[in-house]
Each structure stands twice: as structure tokens, then as C-alpha cells.
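J.: Okay, so here is input32.txt, and as you'll see once you scroll down, it has compact mmCIF, C-alpha atoms.
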```
# COMPACT_ATOMS: atom_id res chain seq x y z
CA MET A 29 54.28 76.91 85.99
CA PRO A 30 55.28 80.48 85.06
CA THR A 31 58.97 81.11 84.47
CA ASP A 32 61.02 84.26 84.36
CA SER A 33 61.25 85.75 80.90
CA PRO A 34 62.37 89.16 79.60
CA LYS A 35 59.14 89.29 77.61
CA GLN A 36 57.01 89.17 80.76
CA ARG A 37 56.10 92.07 83.02
CA LEU A 38 56.54 91.67 86.79
CA ILE A 39 53.52 92.55 88.89
CA VAL A 40 54.04 92.80 92.63
CA LEU A 41 50.69 91.80 94.15
CA GLY A 42 50.12 92.97 97.71
CA VAL A 43 47.54 90.90 99.59
CA THR A 44 46.19 92.42 102.79
CA GLY A 45 43.96 91.08 105.56
CA GLY A 46 40.27 90.60 104.80
CA ILE A 47 37.84 87.90 103.75
CA ALA A 48 38.41 88.89 100.11
CA ALA A 49 42.04 87.73 100.37
CA TYR A 50 41.02 84.34 99.01
CA LYS A 51 39.99 86.01 95.74
CA ALA A 52 43.60 87.13 95.24
CA ALA A 53 44.48 83.54 94.37
CA GLU A 54 42.14 83.69 91.38
CA LEU A 55 43.63 87.07 90.44
CA VAL A 56 47.12 85.53 90.44
CA ARG A 57 45.93 82.70 88.20
CA LEU A 58 44.33 85.16 85.78
CA LEU A 59 47.40 87.41 85.59
CA THR A 60 49.76 84.49 84.99
CA ASP A 61 47.40 83.12 82.32
CA ARG A 62 47.68 86.49 80.60
CA GLY A 63 51.45 86.13 80.47
CA HIS A 64 52.67 88.11 83.49
CA GLN A 65 55.04 87.23 86.30
CA VAL A 66 53.53 87.77 89.74
CA GLN A 67 55.44 88.27 92.99
CA VAL A 68 53.10 88.07 95.96
CA VAL A 69 53.70 90.09 99.13
CA MET A 70 51.43 89.25 102.08
CA THR A 71 50.80 91.21 105.25
CA ASP A 72 50.59 89.42 108.61
CA SER A 73 46.81 89.85 108.62
CA ALA A 74 46.44 88.37 105.12
CA GLN A 75 48.12 85.17 106.29
CA ARG A 76 45.27 84.64 108.76
CA PHE A 77 42.91 84.20 105.79
CA VAL A 78 45.08 82.49 103.12
CA GLY A 79 48.36 80.61 103.49
CA PRO A 80 51.47 81.72 101.57
CA LEU A 81 51.84 78.20 100.14
CA THR A 82 48.74 78.79 97.97
CA PHE A 83 50.37 81.75 96.23
CA ALA A 84 53.78 80.08 96.01
CA ALA A 85 52.20 77.16 94.16
CA LEU A 86 50.39 79.48 91.74
CA THR A 87 53.36 81.75 90.98
CA GLY A 88 56.35 79.43 91.33
CA LYS A 89 57.93 82.13 93.51
CA LYS A 90 58.61 82.43 97.23
CA VAL A 91 55.95 84.61 98.85
CA ILE A 92 57.36 87.58 100.76
CA THR A 93 55.81 87.82 104.22
CA ASN A 94 58.39 89.62 106.35
CA LEU A 95 60.41 92.79 106.21
CA PHE A 96 63.22 90.98 107.99
CA GLY A 97 64.28 87.36 107.62
CA GLU A 98 63.07 84.82 110.13
CA THR A 99 66.63 83.65 110.80
CA ASP A 100 69.87 85.56 111.35
CA SER A 101 71.23 84.40 107.98
CA GLU A 102 68.22 85.90 106.17
CA VAL A 103 68.28 89.33 107.82
CA SER A 104 70.97 90.93 105.67
CA ASP A 105 69.24 89.87 102.44
CA SER A 106 65.70 90.66 103.57
CA SER A 107 66.57 94.09 104.90
CA ILE A 108 67.36 95.34 101.38
CA GLU A 109 65.03 93.00 99.46
CA HIS A 110 62.29 95.63 99.27
CA ILE A 111 64.64 97.82 97.25
CA ALA A 112 65.48 95.00 94.84
CA VAL A 113 61.83 94.04 94.36
CA ALA A 114 60.89 97.69 93.81
CA GLN A 115 63.56 98.01 91.14
CA ARG A 116 62.37 94.89 89.28
CA ALA A 117 58.64 95.60 89.45
CA ASP A 118 56.63 96.96 86.52
CA LEU A 119 53.46 97.43 88.61
CA LEU A 120 52.44 97.45 92.26
CA LEU A 121 48.92 96.06 92.64
CA VAL A 122 47.17 95.70 96.00
CA ALA A 123 44.06 93.51 96.05
CA PRO A 124 42.32 93.41 98.38
CA ALA A 125 43.37 96.74 99.88
CA THR A 126 42.05 97.29 103.42
CA ALA A 127 41.24 100.66 104.98
CA GLY A 128 44.41 100.27 107.03
CA ILE A 129 46.74 99.81 104.06
CA LEU A 130 45.12 102.76 102.25
CA ALA A 131 45.78 104.93 105.31
CA LYS A 132 49.41 103.78 105.51
CA PHE A 133 49.99 104.41 101.80
CA THR A 134 48.43 107.88 102.14
CA HIS A 135 50.58 108.93 105.09
CA GLY A 136 53.83 107.26 104.09
CA ILE A 137 53.94 104.75 106.94
CA ALA A 138 56.46 101.97 106.29
CA ASP A 139 56.20 99.29 108.98
CA ASP A 140 56.12 96.07 106.93
CA PHE A 141 57.35 94.83 103.56
CA LEU A 142 54.35 95.99 101.53
CA THR A 143 54.28 99.53 102.90
CA THR A 144 58.05 99.79 102.61
CA ILE A 145 58.12 98.68 98.98
CA HIS A 146 55.35 101.24 98.29
CA LEU A 147 57.70 104.04 99.35
CA ALA A 148 60.66 102.54 97.49
CA TYR A 149 58.71 102.07 94.23
CA ASP A 150 58.28 104.84 91.65
CA GLY A 151 56.12 103.09 89.02
CA PRO A 152 52.35 102.71 88.52
CA VAL A 153 50.26 101.69 91.54
CA VAL A 154 46.77 100.16 91.46
CA VAL A 155 44.68 99.47 94.57
CA ALA A 156 41.41 97.52 94.78
CA PRO A 157 39.76 98.30 98.13
CA ALA A 158 37.55 95.81 99.98
CA MET A 159 36.03 96.49 103.40
CA ASN A 160 32.88 97.05 105.44
CA SER A 161 30.48 99.59 103.88
CA ASN A 162 30.75 102.03 106.76
CA MET A 163 34.54 101.86 106.64
CA TRP A 164 34.48 102.55 102.89
CA LYS A 165 32.12 105.50 103.25
CA HIS A 166 33.92 106.97 106.28
CA ALA A 167 35.30 110.47 105.67
CA ALA A 168 38.83 109.35 106.59
CA THR A 169 38.84 106.56 104.00
CA GLN A 170 37.38 108.79 101.30
CA SER A 171 39.98 111.47 102.10
CA ASN A 172 42.74 108.88 101.76
CA ILE A 173 41.30 107.70 98.44
CA ALA A 174 41.21 111.29 97.17
CA GLN A 175 44.82 111.90 98.16
CA LEU A 176 46.05 108.66 96.61
CA THR A 177 44.17 109.41 93.38
CA ALA A 178 45.69 112.90 93.28
CA ARG A 179 49.13 111.29 93.46
CA GLY A 180 48.39 109.12 90.45
CA VAL A 181 47.33 105.90 92.17
CA THR A 182 44.60 104.08 90.22
CA VAL A 183 41.70 102.99 92.43
CA VAL A 184 39.39 100.16 91.34
CA ASP A 185 36.23 101.06 93.22
CA PRO A 186 34.59 98.25 95.18
CA ASP A 187 31.30 96.72 94.09
CA SER A 188 28.04 96.94 96.02
CA GLY A 189 26.27 93.90 97.40
CA GLU A 190 25.99 91.65 100.41
CA LEU A 191 29.19 91.68 102.47
CA ALA A 192 30.69 89.01 104.71
CA CYS A 193 29.69 91.04 107.78
CA GLY A 194 26.02 90.81 106.76
CA MET A 195 25.69 94.42 105.59
CA VAL A 196 24.53 95.32 102.09
CA GLY A 197 26.29 98.16 100.29
CA PRO A 198 29.57 99.20 98.71
CA GLY A 199 32.71 97.43 99.86
CA ARG A 200 32.95 94.12 97.98
CA LEU A 201 36.17 93.55 96.05
CA ALA A 202 35.67 94.49 92.40
CA ASP A 203 35.34 91.77 89.78
CA ILE A 204 38.65 89.95 89.32
CA GLU A 205 38.54 90.41 85.53
CA GLN A 206 38.04 94.15 86.00
CA ILE A 207 41.01 94.39 88.37
CA ALA A 208 43.21 92.50 85.89
CA ASP A 209 42.00 94.76 83.06
CA VAL A 210 42.87 97.92 84.99
CA ALA A 211 46.24 96.46 86.01
CA GLU A 212 47.10 95.75 82.38
CA SER A 213 46.03 99.24 81.37
CA ALA A 214 48.41 100.63 83.99
CA LEU A 215 51.17 98.35 82.70
CA ALA A 216 50.63 99.79 79.23
CA GLY A 217 51.58 103.20 80.61
CA ARG A 218 48.17 104.79 81.06
CA THR A 219 45.18 104.88 83.32
CA ARG A 220 41.78 103.84 82.07
CA THR A 221 40.87 105.73 78.91
CA SER A 222 37.49 106.32 77.32
CA ASP A 223 38.44 106.81 73.67
CA LEU A 224 35.96 104.17 72.42
CA THR A 225 32.85 105.14 74.42
CA SER A 226 30.85 105.94 71.29
CA GLU A 227 31.84 102.72 69.52
CA THR A 228 30.34 99.26 69.21
CA VAL A 229 33.04 96.69 68.54
CA LEU A 230 32.12 93.37 66.92
CA ILE A 231 34.88 90.79 67.36
CA THR A 232 35.27 87.19 66.22
CA ALA A 233 37.56 84.95 68.26
CA GLY A 234 38.76 81.38 68.60
CA PRO A 235 38.63 78.47 66.15
CA THR A 236 35.69 76.97 64.33
CA GLN A 237 34.91 73.26 64.25
CA GLU A 238 33.64 71.60 61.06
CA ALA A 239 32.05 68.19 61.66
CA ILE A 240 33.31 65.07 59.89
CA ASP A 241 30.96 62.86 61.88
CA PRO A 242 29.32 63.17 65.34
CA VAL A 243 32.66 62.75 67.16
CA ARG A 244 35.30 64.15 64.78
CA PHE A 245 35.84 67.60 63.33
CA ILE A 246 38.29 69.83 61.45
CA ALA A 247 39.72 72.67 63.54
CA ASN A 248 42.98 74.50 64.23
CA ARG A 249 45.26 75.51 67.11
CA SER A 250 43.63 78.87 67.91
CA SER A 251 43.11 79.43 71.65
CA GLY A 252 40.97 82.58 71.33
CA ARG A 253 43.34 84.51 73.63
CA MET A 254 44.01 87.36 71.18
CA GLY A 255 40.35 87.97 70.40
CA TYR A 256 39.41 87.84 74.08
CA ALA A 257 42.24 90.23 74.96
CA LEU A 258 41.01 92.66 72.31
CA ALA A 259 37.46 92.39 73.69
CA GLN A 260 38.66 93.05 77.25
CA GLU A 261 40.67 96.09 76.24
CA ALA A 262 37.87 97.54 74.09
CA ARG A 263 35.47 97.17 77.03
CA VAL A 264 37.88 98.91 79.40
CA ARG A 265 38.10 101.80 76.92
CA GLY A 266 34.34 102.27 77.02
CA ALA A 267 33.13 100.40 73.95
CA LYS A 268 30.11 98.17 73.74
CA VAL A 269 31.58 94.79 72.80
CA ILE A 270 29.91 91.90 70.98
CA LEU A 271 32.18 88.86 70.98
CA VAL A 272 31.32 86.06 68.54
CA SER A 273 33.34 83.16 69.92
CA GLY A 274 34.16 79.72 68.64
CA PRO A 275 34.79 76.90 71.15
CA VAL A 276 37.47 78.00 73.67
CA SER A 277 38.38 77.24 77.27
CA LEU A 278 38.62 80.88 78.37
CA ALA A 279 36.54 82.76 80.92
CA PRO A 280 34.14 85.22 79.23
CA PRO A 281 35.47 88.81 79.34
CA SER A 282 33.53 90.86 81.87
CA GLY A 283 31.02 93.33 80.47
CA CYS A 284 31.00 91.84 76.97
CA GLU A 285 28.09 90.21 75.14
CA ILE A 286 29.12 86.69 74.14
CA VAL A 287 27.64 84.97 71.09
CA PRO A 288 28.82 81.33 71.14
CA VAL A 289 29.16 79.53 67.80
CA GLU A 290 30.77 76.34 66.59
CA THR A 291 31.04 76.31 62.80
CA ALA A 292 32.20 78.83 60.21
CA GLU A 293 28.65 79.10 58.89
CA GLN A 294 27.30 79.85 62.36
CA MET A 295 29.98 82.51 62.85
CA HIS A 296 29.16 83.96 59.44
CA GLN A 297 25.46 84.23 60.28
CA ALA A 298 26.12 85.69 63.74
CA VAL A 299 28.37 88.40 62.27
CA LEU A 300 25.83 89.37 59.61
CA GLU A 301 23.04 89.51 62.21
CA ARG A 302 24.99 91.92 64.44
CA LEU A 303 27.00 93.84 61.85
CA SER A 304 24.52 96.72 61.58
CA GLU A 305 25.12 97.56 65.26
CA SER A 306 28.89 97.83 64.89
CA THR A 307 31.20 100.72 64.13
CA ILE A 308 34.34 98.58 64.38
CA PHE A 309 34.77 94.99 63.21
CA ALA A 310 37.77 92.85 64.14
CA ALA A 311 38.12 89.44 62.48
CA VAL A 312 40.42 87.75 64.98
CA ALA A 313 38.96 84.23 64.75
CA ALA A 314 40.89 81.51 62.94
CA VAL A 315 37.98 80.41 60.77
CA ALA A 316 38.31 77.07 58.97
CA ASP A 317 38.85 77.67 55.26
CA TYR A 318 37.23 74.36 54.31
CA ARG A 319 34.58 72.02 55.71
CA PRO A 320 33.48 68.49 54.76
CA ARG A 321 30.95 68.63 51.93
CA THR A 322 28.78 66.25 53.95
CA ALA A 323 29.04 65.17 57.57
CA ALA A 324 28.45 61.49 58.29
CA PRO A 325 25.32 60.94 60.45
CA ALA A 326 27.05 58.18 62.46
CA LYS A 327 30.61 57.64 63.61
CA LEU A 328 32.86 56.52 60.77
CA LYS A 329 34.60 53.23 61.45
CA LYS A 330 38.29 52.75 60.80
CA GLN A 331 39.05 50.75 57.65
CA ASP A 332 42.23 49.13 56.38
CA SER A 333 41.92 51.03 53.11
CA SER A 334 42.63 54.75 52.58
CA PHE A 335 39.94 57.32 53.20
CA THR A 336 39.10 60.36 51.08
CA LEU A 337 37.30 63.38 52.56
CA GLU A 338 35.77 65.84 50.12
CA LEU A 339 35.99 69.45 51.28
CA GLU A 340 34.28 72.66 50.20
CA PRO A 341 35.10 76.32 51.00
CA THR A 342 33.52 78.01 54.01
CA PRO A 343 32.09 81.56 53.79
CA ASP A 344 34.73 84.31 53.74
CA ILE A 345 33.47 86.44 56.63
CA LEU A 346 36.09 89.18 56.40
CA GLN A 347 35.62 89.62 52.65
CA GLU A 348 31.86 89.99 53.06
CA VAL A 349 32.24 92.51 55.87
CA GLY A 350 34.69 94.42 53.70
CA ARG A 351 32.09 94.54 50.93
CA LEU A 352 29.48 95.85 53.41
CA LYS A 353 31.98 98.11 55.14
CA GLY A 354 30.38 101.55 54.91
CA ALA A 355 31.96 103.84 57.51
CA ARG A 356 33.07 100.99 59.73
CA THR A 357 36.69 100.44 60.62
CA VAL A 358 37.61 96.89 59.64
CA ILE A 359 40.56 95.03 61.17
CA GLY A 360 41.78 91.72 59.81
CA PHE A 361 44.35 89.26 61.15
CA ALA A 362 46.84 87.33 59.05
CA ALA A 363 48.65 84.38 60.63
CA GLU A 364 51.41 83.34 58.24
CA THR A 365 54.30 80.89 58.20
CA ASN A 366 56.22 82.81 55.51
CA ASP A 367 56.32 86.13 53.57
CA LEU A 368 54.41 87.78 56.40
CA LEU A 369 54.23 91.40 55.21
CA GLU A 370 53.65 90.48 51.57
CA HIS A 371 50.66 88.28 52.49
CA ALA A 372 49.35 90.91 54.93
CA ARG A 373 49.36 93.71 52.33
CA THR A 374 47.66 91.44 49.79
CA LYS A 375 44.96 90.51 52.30
CA LEU A 376 44.42 94.13 53.35
CA ALA A 377 43.67 95.18 49.78
CA ALA A 378 41.65 92.11 48.82
CA LYS A 379 39.40 92.27 51.90
CA ASN A 380 38.99 96.09 51.98
CA CYS A 381 40.46 96.39 55.48
CA ASP A 382 41.71 99.49 57.25
CA LEU A 383 44.25 97.57 59.28
CA ILE A 384 45.83 94.12 59.22
CA VAL A 385 47.54 92.55 62.22
CA ALA A 386 50.12 90.16 60.77
CA ASN A 387 51.37 87.42 63.10
CA PRO A 388 54.07 84.82 62.43
CA VAL A 389 53.11 81.25 63.29
CA GLY A 390 54.89 77.94 63.03
CA ALA A 391 58.54 77.09 63.68
CA ASP A 392 59.68 80.73 63.70
CA ALA A 393 57.21 81.72 66.40
CA LEU A 394 57.23 78.86 68.91
CA GLU A 395 56.82 81.12 71.96
CA THR A 396 54.07 83.30 70.48
CA GLY A 397 50.91 82.91 68.42
CA PHE A 398 48.37 80.09 68.72
CA GLY A 399 47.94 78.84 72.28
CA SER A 400 50.49 81.23 73.78
CA PRO A 401 49.79 84.18 76.12
CA GLN A 402 52.36 86.08 74.01
CA ASN A 403 52.12 87.46 70.49
CA GLN A 404 54.21 89.42 68.01
CA GLY A 405 53.92 90.74 64.49
CA TRP A 406 53.20 93.88 62.48
CA LEU A 407 50.43 96.46 62.13
CA VAL A 408 49.88 97.17 58.43
CA ASP A 409 47.56 100.04 57.50
CA ALA A 410 45.86 101.02 54.25
CA THR A 411 48.86 103.11 53.16
CA GLY A 412 51.02 100.00 53.32
CA GLU A 413 52.99 101.33 56.30
CA ALA A 414 54.05 98.56 58.70
CA THR A 415 54.74 99.00 62.42
CA GLU A 416 56.55 96.18 64.17
CA LEU A 417 55.11 94.74 67.38
CA ALA A 418 57.79 93.03 69.44
CA PRO A 419 56.88 89.89 71.43
CA MET A 420 54.55 90.92 74.26
CA PRO A 421 51.51 89.65 76.21
CA LYS A 422 48.42 89.51 74.00
CA ARG A 423 46.59 91.96 76.25
CA GLU A 424 49.40 94.47 75.74
CA MET A 425 49.23 93.90 71.99
CA ALA A 426 45.50 94.63 72.19
CA VAL A 427 46.38 98.04 73.63
CA HIS A 428 48.63 98.84 70.66
CA ILE A 429 46.01 97.66 68.17
CA LEU A 430 43.22 99.72 69.71
CA ASP A 431 45.45 102.77 70.06
CA ARG A 432 45.78 102.64 66.27
CA VAL A 433 42.07 101.93 65.78
CA ALA A 434 41.15 104.92 67.97
CA GLN A 435 43.28 107.12 65.71
CA LEU A 436 41.52 105.77 62.63
CA ARG A 437 38.09 106.36 64.16
CA LYS A 438 38.74 110.07 64.63
CA ALA A 439 38.43 110.53 60.87
CA VAL A 440 35.33 108.36 60.45
CA GLU A 441 31.63 109.16 60.94
CA PRO A 442 30.30 106.89 63.71
CA ALA A 443 27.09 105.77 61.95
CA PRO A 444 27.85 103.12 59.34
CA THR A 445 25.18 101.83 57.02
CA ARG A 446 24.88 98.25 56.04
```
Step by step, read the file and then write its structure as C-alpha cells.
T.:
Amino acid sequence: MPTDSPKQRLIVLGVTGGIAAYKAAELVRLLTDRGHQVQVVMTDSAQRFVGPLTFAALTGKKVITNLFGETDSEVSDSSIEHIAVAQRADLLLVAPATAGILAKFTHGIADDFLTTIHLAYDGPVVVAPAMNSNMWKHAATQSNIAQLTARGVTVVDPDSGELACGMVGPGRLADIEQIADVAESALAGRTRTSDLTSETVLITAGPTQEAIDPVRFIANRSSGRMGYALAQEARVRGAKVILVSGPVSLAPPSGCEIVPVETAEQMHQAVLERLSESTIFAAVAAVADYRPRTAAPAKLKKQDSSFTLELEPTPDILQEVGRLKGARTVIGFAAETNDLLEHARTKLAAKNCDLIVANPVGADALETGFGSPQNQGWLVDATGEATELAPMPKREMAVHILDRVAQLRKAVEPAPTR
């Protein structure tokens, strides 16, 4: 269950009435998985589609449903609660956003908690409309959208398809992953950018598994979260993304091509096969350094005596990409338990990288790193300069990494040769 933490950003999620309200539960789960706090505010109409208890269970927070308390003792607190929530929030996100709520936001109407907090809040606002096609295309709705956009509100346009009313056309709530991506971009202090539209980003993510026998393998604690976050952010910024992924339990990032692999050798081959397409390569995966020299064809039985397993090195994917670098920008990751910057600078030079992301792991980084939605570390470039990255959600760290990569790409021809 999510807990309050100064490292987490608070997203106030407004849920309004419409059949798409049930999808907001999945959006809450996704945002909390990415390391954010979520405070849900529901309109009266939304409660006719989904109960507040669903969101309370997902967020660990009381769902706000009323501008005033339901009892006399709650009135004094509730009447100013919208101000307190507005002051704590880092982002106001409304998904789904009905035609009615868009009209109220546009004209400054404040007749419930959600519309009141909108007027009391001065930070980034993202709305994801969902409604009947005719309602979406109506001149009044489009005028409201134009006015909200002019004020700096980010609008995640609805998808087209078959709607609950039976019509076919625009009006379906946008993909949940896309909404979360745009929300995180807004949290990072910007609207959606397109600084990587001419780039193809090849990313490795997750662990590899090296078989000992048919049921046992050598692996590590990598969750794949950092690589997936980098893929999501690169896609939002306009890049074509090829994600070579080891075994993980994460949902595939929307809009990315996924190449599933299991072993270090399979990852090595997949990278070499797709390298010629890439202009940026990011080696985020925690690739096994060693594998059993031979894998037993049948399950090994436990014996009373000791057991020796002979290991051999796996291919060094980053080193080979560095040798074939050309005009590509190459980013490596260094997860270290000690002497972090020293090891990062050594790896940067040895692997011919342009940038190393150095992350502490182990006892000194219990709340970040492998398996955590948070990360921390340093960005070390080819000059040896190191920029500290304080603990933050991995998606936010991906923004900082790609901001730096976009700067590096400005000085590089976009057509590498293999």
C-alpha cells in the first residue's frame, strides 16, 4: 500500500461521471506503481459508476466526494479542505473528463470539490476527455478545449473507436499508459516535447536468466522499471523505441516495439540485429556477467555432498556497442555498492560511452534501485563531469537522463554507420 513520502509527488486525480470512470482505477494503480501518491476526488456522477471504496483501497487514502462534510463535525474541516489539498498537490489530473467538467473548468464554475480545487490550484493541470462523439465534436466543447489549452491546460485527446453508446468515432478515453506518460511529463515541469522525433532509441531492460537446469537459473534483482521508464519517456518525446527486455512483470510501454529475450546471449544477438536502426543506445539491463558453462538437460537432484558450478563470461553487450558506436549516442548504467563515481568514470572510458548513469545499490540504497519505483545516482559525461540525481521516481529520472541525451544529440549527425 502506498505511503506518504517526501520523495513522492502528489497527484490529485479527479474522476467524473461516465462509463470510462472504471478505467480510472487502473490509472491509479499505474501511477502508484510508478512511485506517486494519488488523492482521488470523485464527483457525484462518478460515484454512480464506481464506488469510492475501490479508490480508497488502491490509494490507501480517503476519497473526497463532498465539498462539505456529511456531518456537522466535518463541515468546518471540509469547507477549507479544498485549499489544503490544492496547496499539497503537484498535479491536478482529471480522467475521465466529461463535457460538463470541461465547461465548468473553462468558465470558472465552482459548485463541487473538484471544480473548487481547480480554481484554488495554481500548478499543472491535465485533462483526459471521454464522451459521446457528437458531444466531443460539438462547437461548444471544442471552444472549451481551445480556451483551456490557451491557459496552459494539457489535453490528452480521446481515442477513436466503438463507444459505449454504440457510436463509432472519437470520444473513447485515451490509453491509460499514455495518460500516465503525459501526467509525468507535466510533473517534470513541461508539456509534451518532441526533441527526439528524429531518433530511434534502442534500450535493453530487466535481468537475464542463465539456465543451470530446466528449473533453475542465475539471475539478479533487476525489475526492469528503469529501462521501461526510459522507453516510455523516449516514446512521449517522439522517438521510435525498440525495447529489448529480459523477463519482467511489467506492462509493455505503449507505442514501443518489444523484443523479449531471456539470456544474455539472446539479448546480445537482439541488440546486434537492431543496432543499425538506432541513433541512441541505452544499456539499462542488468545482464548476467557469467553463465553456467553447460546447462544440465534434466533437473539436478540435491546431494549431501557439495556442488561445484563452472561459470563462463557472457558477451559484453555495452563494450561491443561502444566498439561499433559510429555517430550513435551510447548510454551505460553502473549499479555499484561502493566507489560509485570512480567505477562509473572507469566504465565510461572502457566502454566508449557518452554518458553513464551511476546508481547506488545495496545497503546504502534500500529505498531506491533494484525493485523500487524510486532511483537516485549521478549522470557522468565524457568530460568526467558528474551531476547528482536526488532520489526520485524512475520515470522522473528518465526525464533528466533524456534531457541530457537530447543535448548531446544536437552535436551529432543522426545517421550512424555500423
J.: Pick from A:Ile246, A:Val289, A:Leu119, A:Leu346: nearest to Ala216 (chain A), with all atoms listed in the file counted?
T.: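 Going through A:Ile246, A:Val289, A:Leu119, A:Leu346 one by one, the smallest distance to Ala216 (chain A) is for A:Leu119.
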J.: In the coordinate frame of the file, compute which residues have an atom within 6 Å of (53.8, 99.8, 92.4) when using all atoms listed in the file, and state them as an NGL selection string.
T.: :A and (119-120 or 149 or 151-153)
J.: Name all residues at most 6 Å from Phe361 (chain A) (count all atoms listed in the file; drop same-chain ones fewer than 3 positions away) and give them as a ChimeraX atom specification.
T.: /A:312,384-386
J.: With distances taken over all atoms listed in the file, which residue among A:Ala314, A:Val269, A:Val154, A:Val389 lies nearest Ala233 (chain A)?
T.: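 Closest candidate: A:Ala314.
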J.: Just give me the gap between CA of Glu227 (chain A) and CA of Lys422 (chain A) in Å, one decimal is fine.
T.: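 According to the coordinates, CA of Glu227 (chain A) and CA of Lys422 (chain A) are separated by 21.7 Å.
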J.: What is the CA of Ser171 (chain A)-CA of Val184 (chain A) distance in Å, reported with one decimal?
T.: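 It comes out at 15.6 Å.
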J.: Taking only C-alpha atoms into account, name the residue in A:Gln435, A:Ser400, A:Ser277, A:Thr182 that is nearest to Pro419 (chain A).
T.: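 The shortest atom-to-atom distance to Pro419 (chain A) comes from A:Ser400.
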J.: What is the CA of Asp187 (chain A) to CA of Ala202 (chain A) distance in Å?
T.: 5.2 Å
J.: Could you pull the residues within 10 Å of Thr357 (chain A), counting all atoms listed in the file, minus those fewer than 4 positions along the same chain, as a PyMOL selection string?
T.: chain A and resi 229+306-310+350+353+380-383+433-434+436-437+440+442+444
J.: Give me, as a ChimeraX atom specification, all polymer residues having an atom no more than 12 Å from region 251-253 of chain A, counting only C-alpha atoms and skipping those fewer than 2 positions away in the same chain.
T.: /A:61-63,231-236,247-249,255-260,271-281,311-315,396-403,421-426
J.: I need the residue nearest Glu205 (chain A) from this list: A:Gln404, A:Ser282, A:Ser304, A:Thr291. Use all atoms listed in the file for the distance.
T.: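 Once distances to Glu205 (chain A) are computed over all atoms listed in the file, the minimum belongs to A:Ser282.
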J.: Give me, as a list of chain:residue names, all polymer residues having an atom no more than 10 Å from region 242-244 of chain A, counting all atoms listed in the file and skipping those fewer than 6 positions away in the same chain.
T.: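 Within the cut-off, the hits are A:Ala323, A:Ala324, A:Pro325, A:Ala326, A:Lys327, A:Leu328.
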J.: Please identify all polymer residues within 10 Å of Thr144 (chain A), counting only C-alpha atoms, omitting same-chain residues fewer than 6 positions from it, and present them as a PyMOL selection string.
T.: chain A and resi 95+110-111+114+132-133+136-138
J.: Measuring between all atoms listed in the file, which one of A:Ala377, A:Ile204, A:Ile345, A:Ile173 shows the shortest distance to Gln294 (chain A)?
T.: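 Result for the nearest residue to Gln294 (chain A): A:Ile345.
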J.: Just checking: using only C-alpha atoms, which residue out of A:Phe141, A:Arg57, A:Asp72, A:Pro288 ends up closest to Ala85 (chain A)?
T.: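 Looking only at the distances to Ala85 (chain A), the closest residue turns out to be A:Arg57.
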J.: Please, which residues are within 12 Å of (32.1, 105.0, 102.7) by the file's coordinates, counting only C-alpha atoms, and could they come as a ChimeraX atom specification?
T.: /A:127,157-173,185-188,197-200
